[in-house]
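Colleague: Right, I'll just put the structure down here and ask away after.
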There are 2 protein chains.
Amino acid sequence: MAKSLPRSPLAPAEFPALPAIGGVRFAAAAAGVKYQGRTDVMLAVMDPGTSVAGVFTRSATRSAPVLDCQEKLGGGTDQGAAILVNSGNSNAFTGHYGQSSVAEITAAVAALTDLPQTRIFTASTGVIGEPLPHDRIVAKLDELNAGLSDTEMKAAAEAIMTTDTFAKGASTTVEIEGKPVQIAGIAKGSGMVAPDMATMLVYIFTDAAYEQASLQALLSAQNETSFNCITVDSDTSTSDSLMLCATGASDVDATGNADFAKGLRTVMLDLAHQVVRDGEGATKFVEIQVTGAATDADAKIHGLAIANSPLVKTAIAGEDPNWGRVVMAIGKSGAKADRDLLSISFGDVLVAENGWVAPTYKEEQGAAEMQKAEIAIKVDLGLGDGTSTVWTCDLTHQYITINADYRS
Amino acid sequence: MAKSLPRSPLAPAEFPALPAIGGVRFAAAAAGVKYQGRTDVMLAVMDPGTSVAGVFTRSATRSAPVLDCQEKLGGGTDQGAAILVNSGNSNAFTGHYGQSSVAEITAAVAALTDLPQTRIFTASTGVIGEPLPHDRIVAKLDELNAGLSDTEMKAAAEAIMTTDTFAKGASTTVEIEGKPVQIAGIAKGSGMVAPDMATMLVYIFTDAAYEQASLQALLSAQNETSFNCITVDSDTSTSDSLMLCATGASDVDATGNADFAKGLRTVMLDLAHQVVRDGEGATKFVEIQVTGAATDADAKIHGLAIANSPLVKTAIAGEDPNWGRVVMAIGKSGAKADRDLLSISFGDVLVAENGWVAPTYKEEQGAAEMQKAEIAIKVDLGLGDGTSTVWTCDLTHQYITINADYRS
């Protein structure tokens, strides 16, 4: 692990107060998987009636835990479920040994919690290609079980950190039929972050009841415009996992409820933005709003081409209003664009239009926008109604420092 | 322009001695387009009988000179041709003014050389979005014309540099029907380099005769496995141009000749590798050899995913034999891969196979490979016969320094 990194300048002031979610309890422990002197395993145990949905990386080299989770999705809700996550070792590219580690852990958790093994989900994050010392994790299960509490969600968020400089949590309350429903989640991620079906590790819990297949559809759809619209460095982890568990403890069925969907989106966007704010070496939080594209898909391609361009990201790091590099990124994206129809703004400052710099544009206005910690780049293609918003951070010396040293 | 940069540690010892190419003369001048105290315009004038082929960026926001060149390709060879290139300003995203600048310059060169305007090709490289001061270039045409000489190719190479730390040239001699044929070329490029039909500015000349349409087909085909297989930072310029001019002065018709094609490939690869060796901030030259892919196209996708991965490139900068990141890049590429069939070597050291680290692998062997200035990463997918080789460099602090400061 890298030397202890300073807290990101873009981090929220503090970890939010998360509500207890009826039907789910958390615990964290220090198993010494790799790190010393910190927690590195979290366990979440859900009551019977819990619907579990998940979205995972599509990487062709995805990890053993991801493959195992994907097999188990879609099961019944009459039994409870459990999630066990460790940091320090990703159990990825570990051959058949990796599958055995997952089997050992899930069998042990199943025995401990009296749940079927098919309802035990795991994730691992950290170094690739080293055998997971699963015995150390199994040895901590009794301690984890004894520590389970509905107030330990923050401890769980801390246990899954790797190069993260702050723990990430978010929550909201939604009123359905006059009754409050809670949604709260945690996430980890700061590098190797780019959208591919899912990104990083994210666990969201609600006490609403939700029909399983509908919950899966909702999560997949919302993922497309939240976690799949963020990128730190265009690299995609072999372990990316996003799970949503609906315990039903509130006795409110939220299936198909629009307010619930909206509340869920709030929590997902909040966590997604926190991951960007903890992007390795990030000093700027950048929102790229693309409008007027031929299609929404085209808009996203343009947005991600801008967000992933090293030249755009270094210009932002240097506070350089270098709109020429934005033009370059649009041009190379492969999605439809017409040089003479597109317009570009930094914040509310119109920079370019009609195939050239805007006649009203003054360089000092662009420079002032770039000095902000939160930057908006707005691109209108002038072609149609397609829109997309993506989020990223700048590319700085600190990213190089972290990744030229850290063995991940 | 960035402060004067130190010569790349990967640069060749010196600019090669280039042969005179019968039928083409060069000149360079200091027009003060942007830079002071150096040459920034080159002119090449070819005799009647010259076939001209070209490959250009597919960027949707490509520059006015690129659009103009594309319109003019494929014309007859009964007249000569001329190429004028300036550095310091790319004349890209400059609206209708940009087209006017090209028209002004090509008209003036046509008048000067007594060639039709349709045979005058131009390129511009440098800052995007600022009006090209074409008057300064036109004012230098008499001086350029007076200076034309078949020995000024090196001066031409120097005049088109931007952030390049060394001028790039390469040549070879091919024997056809017992007669020598010369091929020589120059290139510029060090950042905003990624394959998209063509990359950077490259001008290659030969005294062979070559039928125009066949020359175009040859150039397009060879571009796919040379300039389209290099990447510095995944960003694609709006000005990328590659041109090949066959003057016929040797009275040897090389149309369809295999030795000529081989000689051309030597020159193209040499120039392509020099661009990578001058990659912004580069300290390592990296060759990625992909074999065993389902198709050649898949092999190239994997190769470029590895070559463009910031996490792979920073690991190389840190001399970290972090093969887990290579696994990650293969996994995210989108091309076919099977985790348990692929193998990875650093140089001749087998690192991973059968979905895990190779039992014979010792970390110190991998570390020793990474300490070299020239690194080979070999990936075999174990799926089929598809192969591709791509070249890139590492991602260092110096890349950030250059691009967070340089207004390009």
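Chain labels follow the order of the structure tokens: the first chain is A, the next B, and so on; residue numbering restarts at 1 in every chain, and ligands are counted from 1 in their shown order.
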Can you show chain B as a short mmCIF file (atom, residue, chain, number, x, y, z; two decimals) with C-alpha atoms, in the first residue's frame once it has been least-squares superposed onto chain A, using every C-alpha atom paired in order?
Modeller:
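Written out: result_28.cif:
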```cif
data_model
loop_
_atom_site.label_atom_id
_atom_site.label_comp_id
_atom_site.auth_asym_id
_atom_site.auth_seq_id
_atom_site.Cartn_x
_atom_site.Cartn_y
_atom_site.Cartn_z
CA MET B 1 -0.05 0.05 -0.06
CA ALA B 2 1.12 3.54 -0.69
CA LYS B 3 2.40 5.53 2.19
CA SER B 4 -0.49 7.07 4.05
CA LEU B 5 -1.93 9.63 1.64
CA PRO B 6 -3.24 13.03 2.63
CA ARG B 7 -7.03 13.35 2.63
CA SER B 8 -8.24 14.52 -0.77
CA PRO B 9 -8.79 18.30 -0.93
CA LEU B 10 -12.12 17.50 -2.61
CA ALA B 11 -13.35 15.26 0.22
CA PRO B 12 -16.55 16.06 2.12
CA ALA B 13 -15.94 17.64 5.53
CA GLU B 14 -16.78 14.42 7.34
CA PHE B 15 -18.38 10.99 7.01
CA PRO B 16 -22.17 11.47 7.05
CA ALA B 17 -24.35 10.21 9.87
CA LEU B 18 -25.94 7.11 8.34
CA PRO B 19 -29.27 5.82 9.62
CA ALA B 20 -29.62 2.27 10.87
CA ILE B 21 -31.25 0.15 8.17
CA GLY B 22 -33.72 -2.30 9.63
CA GLY B 23 -32.86 -5.88 8.79
CA VAL B 24 -29.12 -5.46 8.26
CA ARG B 25 -26.21 -5.49 10.69
CA PHE B 26 -22.55 -4.79 10.11
CA ALA B 27 -19.19 -5.60 11.65
CA ALA B 28 -15.55 -4.94 10.79
CA ALA B 29 -12.34 -6.60 11.92
CA ALA B 30 -8.58 -6.50 11.41
CA ALA B 31 -7.62 -9.81 9.82
CA GLY B 32 -4.16 -8.77 8.64
CA VAL B 33 -4.83 -9.84 5.04
CA LYS B 34 -2.12 -7.40 4.00
CA TYR B 35 -2.38 -4.18 5.93
CA GLN B 36 -1.36 -3.95 9.58
CA GLY B 37 -2.94 -1.79 12.24
CA ARG B 38 -6.29 -1.26 10.55
CA THR B 39 -9.54 -3.11 9.81
CA ASP B 40 -9.66 -4.95 6.50
CA VAL B 41 -12.73 -7.20 6.58
CA MET B 42 -16.40 -6.25 6.78
CA LEU B 43 -19.42 -8.47 7.19
CA ALA B 44 -23.02 -7.48 6.53
CA VAL B 45 -25.82 -9.88 7.47
CA MET B 46 -29.37 -9.39 6.20
CA ASP B 47 -32.60 -10.86 7.55
CA PRO B 48 -34.90 -13.21 5.64
CA GLY B 49 -37.00 -11.42 3.03
CA THR B 50 -34.05 -9.52 1.57
CA SER B 51 -33.91 -8.99 -2.21
CA VAL B 52 -30.34 -8.76 -3.52
CA ALA B 53 -29.41 -7.11 -6.84
CA GLY B 54 -25.97 -6.62 -8.27
CA VAL B 55 -24.00 -5.22 -11.20
CA PHE B 56 -20.44 -6.37 -11.80
CA THR B 57 -17.47 -5.62 -14.03
CA ARG B 58 -17.56 -7.13 -17.50
CA SER B 59 -13.78 -7.54 -17.46
CA ALA B 60 -12.68 -10.75 -19.20
CA THR B 61 -10.23 -11.24 -16.34
CA ARG B 62 -12.65 -10.61 -13.48
CA SER B 63 -11.93 -11.94 -10.06
CA ALA B 64 -13.06 -15.19 -8.44
CA PRO B 65 -15.44 -13.40 -6.02
CA VAL B 66 -17.09 -11.53 -8.90
CA LEU B 67 -17.67 -14.76 -10.83
CA ASP B 68 -19.10 -16.35 -7.69
CA CYS B 69 -21.47 -13.42 -7.01
CA GLN B 70 -22.72 -13.40 -10.58
CA GLU B 71 -23.69 -17.07 -10.31
CA LYS B 72 -25.63 -16.47 -7.11
CA LEU B 73 -27.69 -13.43 -8.14
CA GLY B 74 -31.43 -13.76 -8.57
CA GLY B 75 -32.06 -16.27 -5.81
CA GLY B 76 -35.12 -16.32 -3.55
CA THR B 77 -35.74 -13.93 -0.69
CA ASP B 78 -37.14 -16.36 1.84
CA GLN B 79 -33.71 -16.66 3.35
CA GLY B 80 -31.40 -13.93 4.55
CA ALA B 81 -28.11 -13.04 2.92
CA ALA B 82 -24.61 -11.97 3.86
CA ILE B 83 -21.83 -9.95 2.25
CA LEU B 84 -18.20 -10.34 3.24
CA VAL B 85 -15.59 -8.00 1.80
CA ASN B 86 -11.85 -7.83 2.39
CA SER B 87 -9.30 -5.23 1.34
CA GLY B 88 -5.56 -5.74 0.74
CA ASN B 89 -5.89 -8.57 -1.77
CA SER B 90 -8.26 -8.75 -4.76
CA ASN B 91 -8.21 -12.53 -5.22
CA ALA B 92 -8.05 -11.78 -8.96
CA PHE B 93 -5.96 -13.81 -11.42
CA THR B 94 -5.32 -16.40 -8.75
CA GLY B 95 -6.40 -19.43 -10.80
CA HIS B 96 -8.25 -22.30 -9.18
CA TYR B 97 -6.82 -21.32 -5.82
CA GLY B 98 -8.91 -18.16 -6.03
CA GLN B 99 -12.13 -20.15 -6.44
CA SER B 100 -11.16 -22.34 -3.49
CA SER B 101 -10.65 -19.27 -1.33
CA VAL B 102 -14.13 -18.03 -2.17
CA ALA B 103 -15.58 -21.47 -1.42
CA GLU B 104 -13.79 -21.67 1.92
CA ILE B 105 -14.97 -18.23 2.98
CA THR B 106 -18.57 -18.60 1.84
CA ALA B 107 -18.84 -22.04 3.47
CA ALA B 108 -17.56 -20.66 6.76
CA VAL B 109 -19.88 -17.64 6.65
CA ALA B 110 -22.80 -19.91 5.78
CA ALA B 111 -22.07 -22.13 8.79
CA LEU B 112 -21.69 -19.12 11.05
CA THR B 113 -24.88 -17.37 9.94
CA ASP B 114 -26.96 -20.48 9.28
CA LEU B 115 -27.59 -19.25 5.74
CA PRO B 116 -27.26 -21.33 2.55
CA GLN B 117 -23.91 -20.84 0.79
CA THR B 118 -25.78 -19.56 -2.26
CA ARG B 119 -26.75 -16.47 -0.28
CA ILE B 120 -23.21 -15.53 0.78
CA PHE B 121 -21.67 -12.86 -1.45
CA THR B 122 -18.02 -11.79 -1.26
CA ALA B 123 -15.67 -9.23 -2.74
CA SER B 124 -11.96 -8.66 -2.47
CA THR B 125 -9.99 -5.54 -3.37
CA GLY B 126 -6.29 -4.90 -3.45
CA VAL B 127 -3.27 -6.49 -5.08
CA ILE B 128 -3.90 -8.76 -8.10
CA GLY B 129 -2.33 -12.20 -8.51
CA GLU B 130 -1.39 -13.11 -4.97
CA PRO B 131 -3.14 -15.95 -3.11
CA LEU B 132 -5.77 -14.67 -0.71
CA PRO B 133 -4.91 -15.76 2.84
CA HIS B 134 -8.49 -16.82 3.41
CA ASP B 135 -7.61 -18.60 6.66
CA ARG B 136 -6.94 -15.23 8.26
CA ILE B 137 -10.40 -14.08 7.25
CA VAL B 138 -12.13 -17.27 8.38
CA ALA B 139 -10.33 -16.99 11.73
CA LYS B 140 -12.02 -13.62 12.29
CA LEU B 141 -15.59 -14.76 11.58
CA ASP B 142 -16.53 -15.39 15.21
CA GLU B 143 -15.29 -11.93 16.16
CA LEU B 144 -17.23 -10.40 13.26
CA ASN B 145 -20.37 -12.29 14.18
CA ALA B 146 -20.13 -11.14 17.79
CA GLY B 147 -19.68 -7.55 16.69
CA LEU B 148 -22.66 -7.35 14.32
CA SER B 149 -24.64 -4.17 14.94
CA ASP B 150 -26.91 -1.88 12.93
CA THR B 151 -24.65 1.06 13.81
CA GLU B 152 -21.40 -0.28 12.33
CA MET B 153 -21.87 0.84 8.72
CA LYS B 154 -19.12 3.45 9.00
CA ALA B 155 -16.72 0.81 10.30
CA ALA B 156 -17.64 -1.33 7.28
CA ALA B 157 -16.86 1.59 4.93
CA GLU B 158 -13.46 2.04 6.56
CA ALA B 159 -12.56 -1.64 6.34
CA ILE B 160 -12.89 -1.80 2.55
CA MET B 161 -10.59 1.18 1.74
CA THR B 162 -7.37 0.67 -0.23
CA THR B 163 -5.80 3.85 -1.67
CA ASP B 164 -8.92 5.76 -0.65
CA THR B 165 -8.11 8.82 1.43
CA PHE B 166 -11.55 8.96 3.03
CA ALA B 167 -14.39 6.53 3.79
CA LYS B 168 -17.45 7.04 1.63
CA GLY B 169 -21.07 6.92 2.75
CA ALA B 170 -24.37 8.45 1.71
CA SER B 171 -28.03 8.13 2.67
CA THR B 172 -31.48 9.51 2.14
CA THR B 173 -35.00 9.02 3.47
CA VAL B 174 -37.94 8.53 1.12
CA GLU B 175 -41.56 8.75 2.17
CA ILE B 176 -43.79 6.09 0.64
CA GLU B 177 -47.46 5.86 1.55
CA GLY B 178 -46.77 8.12 4.51
CA LYS B 179 -44.05 5.90 5.88
CA PRO B 180 -40.32 6.64 5.89
CA VAL B 181 -38.00 4.29 3.99
CA GLN B 182 -34.25 4.49 4.49
CA ILE B 183 -31.58 4.05 1.83
CA ALA B 184 -27.91 4.11 2.82
CA GLY B 185 -24.74 2.97 1.13
CA ILE B 186 -20.97 2.81 1.32
CA ALA B 187 -18.32 2.72 -1.39
CA LYS B 188 -14.61 2.43 -1.95
CA GLY B 189 -12.58 3.44 -4.98
CA SER B 190 -10.04 6.04 -6.03
CA GLY B 191 -7.96 4.59 -8.87
CA MET B 192 -8.50 1.99 -11.60
CA VAL B 193 -11.88 3.63 -11.95
CA ALA B 194 -13.69 3.68 -15.27
CA PRO B 195 -17.19 2.72 -16.14
CA ASP B 196 -17.82 -0.80 -17.28
CA MET B 197 -21.19 -2.01 -16.06
CA ALA B 198 -20.13 -1.32 -12.51
CA THR B 199 -17.23 0.40 -10.88
CA MET B 200 -15.44 -0.06 -7.60
CA LEU B 201 -17.09 -1.66 -4.59
CA VAL B 202 -20.44 -0.19 -3.62
CA TYR B 203 -22.97 -1.63 -1.17
CA ILE B 204 -26.35 -0.02 -0.73
CA PHE B 205 -29.01 -1.11 1.74
CA THR B 206 -32.64 -0.20 2.20
CA ASP B 207 -35.33 -1.31 4.60
CA ALA B 208 -37.89 -1.15 1.79
CA ALA B 209 -39.29 -4.38 0.40
CA TYR B 210 -38.65 -4.74 -3.32
CA GLU B 211 -39.37 -7.56 -5.71
CA GLN B 212 -36.04 -9.09 -6.70
CA ALA B 213 -36.18 -8.95 -10.50
CA SER B 214 -37.50 -5.38 -10.42
CA LEU B 215 -34.76 -4.38 -7.99
CA GLN B 216 -32.17 -5.79 -10.39
CA ALA B 217 -33.67 -3.86 -13.32
CA LEU B 218 -33.74 -0.64 -11.30
CA LEU B 219 -30.13 -1.00 -10.19
CA SER B 220 -28.86 -1.83 -13.68
CA ALA B 221 -30.68 1.16 -15.19
CA GLN B 222 -29.50 3.65 -12.59
CA ASN B 223 -25.95 2.35 -12.79
CA GLU B 224 -25.75 3.51 -16.41
CA THR B 225 -26.12 7.19 -15.48
CA SER B 226 -24.24 7.17 -12.18
CA PHE B 227 -21.29 4.82 -11.62
CA ASN B 228 -20.99 4.16 -15.35
CA CYS B 229 -20.62 7.93 -15.89
CA ILE B 230 -17.56 8.45 -13.73
CA THR B 231 -13.93 7.90 -14.61
CA VAL B 232 -10.71 8.61 -12.81
CA ASP B 233 -8.13 7.09 -15.14
CA SER B 234 -9.99 5.02 -17.77
CA ASP B 235 -8.75 1.80 -16.18
CA THR B 236 -11.30 -0.78 -15.09
CA SER B 237 -10.85 -3.00 -12.07
CA THR B 238 -11.19 -6.77 -12.23
CA SER B 239 -13.27 -6.63 -9.03
CA ASP B 240 -15.87 -3.90 -9.60
CA SER B 241 -19.05 -4.72 -7.73
CA LEU B 242 -22.22 -2.81 -6.93
CA MET B 243 -24.85 -4.47 -4.77
CA LEU B 244 -28.23 -3.28 -3.52
CA CYS B 245 -30.03 -5.14 -0.73
CA ALA B 246 -33.67 -4.47 0.16
CA THR B 247 -34.49 -6.05 3.49
CA GLY B 248 -38.20 -5.22 3.68
CA ALA B 249 -37.90 -4.47 7.40
CA SER B 250 -39.94 -1.28 6.98
CA ASP B 251 -42.91 -3.30 5.75
CA VAL B 252 -43.19 -0.84 2.86
CA ASP B 253 -43.14 -2.31 -0.63
CA ALA B 254 -41.29 0.16 -2.83
CA THR B 255 -41.40 -1.93 -6.00
CA GLY B 256 -41.83 0.44 -8.94
CA ASN B 257 -42.13 3.52 -6.71
CA ALA B 258 -40.79 6.64 -8.44
CA ASP B 259 -39.79 8.40 -5.22
CA PHE B 260 -37.77 5.39 -4.17
CA ALA B 261 -36.00 5.38 -7.55
CA LYS B 262 -35.25 9.09 -7.12
CA GLY B 263 -33.92 8.54 -3.59
CA LEU B 264 -31.76 5.67 -4.79
CA ARG B 265 -30.34 7.87 -7.53
CA THR B 266 -29.43 10.52 -4.95
CA VAL B 267 -27.46 7.98 -2.93
CA MET B 268 -25.80 6.43 -6.00
CA LEU B 269 -24.75 9.80 -7.44
CA ASP B 270 -23.49 10.98 -4.05
CA LEU B 271 -21.29 7.86 -3.72
CA ALA B 272 -20.16 8.07 -7.37
CA HIS B 273 -19.13 11.69 -6.91
CA GLN B 274 -17.26 10.82 -3.72
CA VAL B 275 -15.24 8.25 -5.64
CA VAL B 276 -14.27 10.92 -8.18
CA ARG B 277 -13.47 13.34 -5.35
CA ASP B 278 -11.07 10.71 -4.03
CA GLY B 279 -9.57 10.10 -7.48
CA GLU B 280 -5.88 9.42 -7.10
CA GLY B 281 -4.10 12.76 -6.98
CA ALA B 282 -7.27 14.73 -7.76
CA THR B 283 -7.35 18.47 -7.09
CA LYS B 284 -10.34 19.32 -9.32
CA PHE B 285 -13.84 17.83 -9.52
CA VAL B 286 -15.01 18.07 -13.12
CA GLU B 287 -18.56 17.75 -14.43
CA ILE B 288 -18.87 17.35 -18.19
CA GLN B 289 -22.33 18.12 -19.53
CA VAL B 290 -22.91 17.07 -23.11
CA THR B 291 -26.06 18.18 -24.91
CA GLY B 292 -27.26 18.34 -28.49
CA ALA B 293 -25.68 15.04 -29.49
CA ALA B 294 -27.26 12.79 -32.09
CA THR B 295 -28.15 10.27 -29.34
CA ASP B 296 -27.68 9.85 -25.59
CA ALA B 297 -25.12 7.14 -26.34
CA ASP B 298 -23.15 9.53 -28.55
CA ALA B 299 -23.30 12.17 -25.82
CA LYS B 300 -21.79 9.72 -23.33
CA ILE B 301 -19.03 8.73 -25.78
CA HIS B 302 -18.09 12.39 -26.21
CA GLY B 303 -18.28 13.01 -22.47
CA LEU B 304 -16.04 10.07 -21.63
CA ALA B 305 -13.58 10.95 -24.42
CA ILE B 306 -13.17 14.37 -22.81
CA ALA B 307 -13.08 12.92 -19.29
CA ASN B 308 -10.45 10.31 -20.17
CA SER B 309 -8.18 12.52 -22.27
CA PRO B 310 -4.80 12.88 -20.55
CA LEU B 311 -4.30 16.20 -22.32
CA VAL B 312 -7.64 17.59 -21.08
CA LYS B 313 -6.96 16.28 -17.56
CA THR B 314 -3.47 17.77 -17.39
CA ALA B 315 -4.73 21.10 -18.74
CA ILE B 316 -7.27 21.15 -15.90
CA ALA B 317 -4.52 20.30 -13.41
CA GLY B 318 -2.57 23.28 -14.78
CA GLU B 319 -5.67 25.53 -14.61
CA ASP B 320 -5.24 26.14 -18.33
CA PRO B 321 -8.51 26.98 -20.16
CA ASN B 322 -7.26 24.93 -23.08
CA TRP B 323 -10.46 24.40 -25.02
CA GLY B 324 -8.47 23.23 -28.05
CA ARG B 325 -7.90 19.97 -26.20
CA VAL B 326 -11.64 19.61 -25.63
CA VAL B 327 -12.12 20.04 -29.39
CA MET B 328 -9.45 17.38 -29.94
CA ALA B 329 -11.19 14.92 -27.60
CA ILE B 330 -14.55 15.43 -29.27
CA GLY B 331 -12.91 14.93 -32.63
CA LYS B 332 -11.27 11.64 -31.71
CA SER B 333 -14.19 10.13 -29.81
CA GLY B 334 -15.70 8.40 -32.79
CA ALA B 335 -19.20 9.72 -32.06
CA LYS B 336 -20.89 12.12 -34.45
CA ALA B 337 -19.72 15.74 -34.36
CA ASP B 338 -19.69 18.70 -36.71
CA ARG B 339 -16.87 21.10 -36.10
CA ASP B 340 -18.89 24.13 -37.14
CA LEU B 341 -21.98 23.32 -35.05
CA LEU B 342 -20.48 22.55 -31.66
CA SER B 343 -20.14 25.01 -28.82
CA ILE B 344 -18.08 24.76 -25.65
CA SER B 345 -18.46 26.59 -22.35
CA PHE B 346 -16.36 26.53 -19.18
CA GLY B 347 -18.90 27.13 -16.42
CA ASP B 348 -21.12 29.88 -17.81
CA VAL B 349 -18.40 31.29 -20.03
CA LEU B 350 -19.01 30.57 -23.72
CA VAL B 351 -15.62 29.67 -25.12
CA ALA B 352 -16.13 28.38 -28.64
CA GLU B 353 -18.90 28.28 -31.22
CA ASN B 354 -19.33 28.16 -35.00
CA GLY B 355 -16.10 26.26 -35.43
CA TRP B 356 -13.99 28.83 -33.69
CA VAL B 357 -13.35 30.75 -30.49
CA ALA B 358 -16.44 32.75 -29.45
CA PRO B 359 -16.08 36.45 -30.32
CA THR B 360 -17.14 37.36 -26.77
CA TYR B 361 -14.59 35.07 -25.11
CA LYS B 362 -11.83 36.53 -23.02
CA GLU B 363 -9.01 34.25 -21.92
CA GLU B 364 -9.05 35.67 -18.37
CA GLN B 365 -12.68 34.55 -17.98
CA GLY B 366 -11.78 30.99 -18.93
CA ALA B 367 -8.74 31.12 -16.67
CA ALA B 368 -10.91 32.24 -13.74
CA GLU B 369 -13.24 29.25 -14.25
CA MET B 370 -10.30 26.85 -14.26
CA GLN B 371 -9.05 28.16 -10.93
CA LYS B 372 -12.15 26.79 -9.19
CA ALA B 373 -12.01 23.45 -7.38
CA GLU B 374 -15.24 22.38 -9.12
CA ILE B 375 -15.29 22.85 -12.87
CA ALA B 376 -18.10 22.44 -15.38
CA ILE B 377 -17.31 21.79 -19.04
CA LYS B 378 -20.39 22.13 -21.23
CA VAL B 379 -20.43 20.89 -24.78
CA ASP B 380 -23.36 21.26 -27.15
CA LEU B 381 -23.01 19.32 -30.40
CA GLY B 382 -25.86 21.14 -32.16
CA LEU B 383 -27.00 17.90 -33.77
CA GLY B 384 -29.96 16.50 -31.81
CA ASP B 385 -31.41 15.84 -28.37
CA GLY B 386 -28.83 13.42 -26.96
CA THR B 387 -27.52 14.32 -23.50
CA SER B 388 -25.16 12.83 -20.94
CA THR B 389 -23.33 14.05 -17.87
CA VAL B 390 -20.10 12.44 -16.74
CA TRP B 391 -17.75 13.23 -13.90
CA THR B 392 -14.01 13.02 -13.58
CA CYS B 393 -11.01 14.64 -11.92
CA ASP B 394 -7.73 16.10 -13.11
CA LEU B 395 -4.46 14.23 -13.76
CA THR B 396 -1.67 15.42 -11.52
CA HIS B 397 1.84 14.62 -10.40
CA GLN B 398 0.32 12.92 -7.37
CA TYR B 399 -1.38 10.32 -9.62
CA ILE B 400 2.03 9.42 -11.01
CA THR B 401 3.55 9.33 -7.55
CA ILE B 402 0.83 7.02 -6.23
CA ASN B 403 0.89 4.65 -9.19
CA ALA B 404 4.56 4.50 -9.95
CA ASP B 405 5.14 3.35 -6.36
CA TYR B 406 2.02 1.48 -5.28
CA ARG B 407 2.01 -2.26 -6.05
CA SER B 408 -1.69 -2.83 -6.59
#
```
Colleague: Give me every strand (DSSP E or B) residue in segment 52-254 of chain B, going by DSSP on the backbone, as a PyMOL selection string.
Modeller: chain B and resi 52-56+81-89+120-127+149+168-176+179-188+196+198+201-206+209+230-231+241-246+253
Colleague: Save the residues we just selected, C-alpha atoms, as a compact mmCIF listing (two decimals), in the first residue's frame?
Modeller:
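result_21.txt written:
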```txt
# COMPACT_ATOMS: atom_id res chain seq x y z
CA VAL B 52 1.40 11.69 -54.02
CA ALA B 53 -0.36 9.47 -51.45
CA GLY B 54 -1.62 10.45 -48.05
CA VAL B 55 -3.35 9.21 -44.91
CA PHE B 56 -4.94 11.69 -42.53
CA ALA B 81 3.68 19.04 -56.37
CA ALA B 82 4.64 20.99 -53.28
CA ILE B 83 4.23 20.58 -49.53
CA LEU B 84 4.34 23.50 -47.13
CA VAL B 85 4.27 22.89 -43.39
CA ASN B 86 4.39 25.33 -40.50
CA SER B 87 4.80 24.74 -36.78
CA GLY B 88 3.56 26.94 -33.91
CA ASN B 89 -0.08 27.08 -34.99
CA ILE B 120 -0.10 22.28 -53.21
CA PHE B 121 -0.46 20.41 -49.92
CA THR B 122 -0.12 22.05 -46.51
CA ALA B 123 -0.05 21.12 -42.84
CA SER B 124 0.05 23.13 -39.66
CA THR B 125 0.96 21.96 -36.17
CA GLY B 126 0.83 23.74 -32.86
CA VAL B 127 -1.78 25.61 -30.86
CA SER B 149 18.08 22.31 -52.24
CA LYS B 168 13.35 12.74 -36.74
CA GLY B 169 14.60 11.26 -39.99
CA ALA B 170 15.10 7.82 -41.50
CA SER B 171 16.12 6.35 -44.85
CA THR B 172 16.94 3.19 -46.70
CA THR B 173 18.12 2.10 -50.13
CA VAL B 174 16.33 -0.62 -52.07
CA GLU B 175 17.74 -2.35 -55.12
CA ILE B 176 15.20 -2.91 -57.89
CA LYS B 179 19.28 -0.12 -59.69
CA PRO B 180 19.27 1.66 -56.32
CA VAL B 181 16.08 3.42 -55.21
CA GLN B 182 16.13 5.80 -52.26
CA ILE B 183 13.44 6.21 -49.63
CA ALA B 184 13.81 8.89 -46.96
CA GLY B 185 11.41 10.55 -44.58
CA ILE B 186 11.00 12.99 -41.72
CA ALA B 187 8.48 13.16 -38.89
CA LYS B 188 7.41 15.24 -35.95
CA ASP B 196 -6.28 6.98 -35.90
CA ALA B 198 -2.53 8.48 -39.36
CA LEU B 201 3.18 14.77 -39.37
CA VAL B 202 5.23 12.42 -41.52
CA TYR B 203 6.63 13.10 -44.99
CA ILE B 204 8.35 10.37 -46.94
CA PHE B 205 9.97 10.76 -50.34
CA THR B 206 11.33 8.31 -52.86
CA ALA B 209 8.22 5.87 -59.88
CA ILE B 230 2.03 3.54 -31.72
CA THR B 231 0.56 5.55 -28.89
CA SER B 241 -0.90 13.73 -41.69
CA LEU B 242 1.26 11.14 -43.40
CA MET B 243 2.31 11.73 -47.00
CA LEU B 244 4.42 9.68 -49.39
CA CYS B 245 5.73 11.22 -52.62
CA ALA B 246 7.29 9.13 -55.39
CA ASP B 253 9.10 1.80 -61.53
```
Colleague: Extract the full set of alpha helix (DSSP H) residues from segment 301-369 of chain B according to DSSP on the backbone, and format it as a VMD selection string.
Modeller: chain B and resid 301 to 308 310 to 317 323 to 332 363 to 369
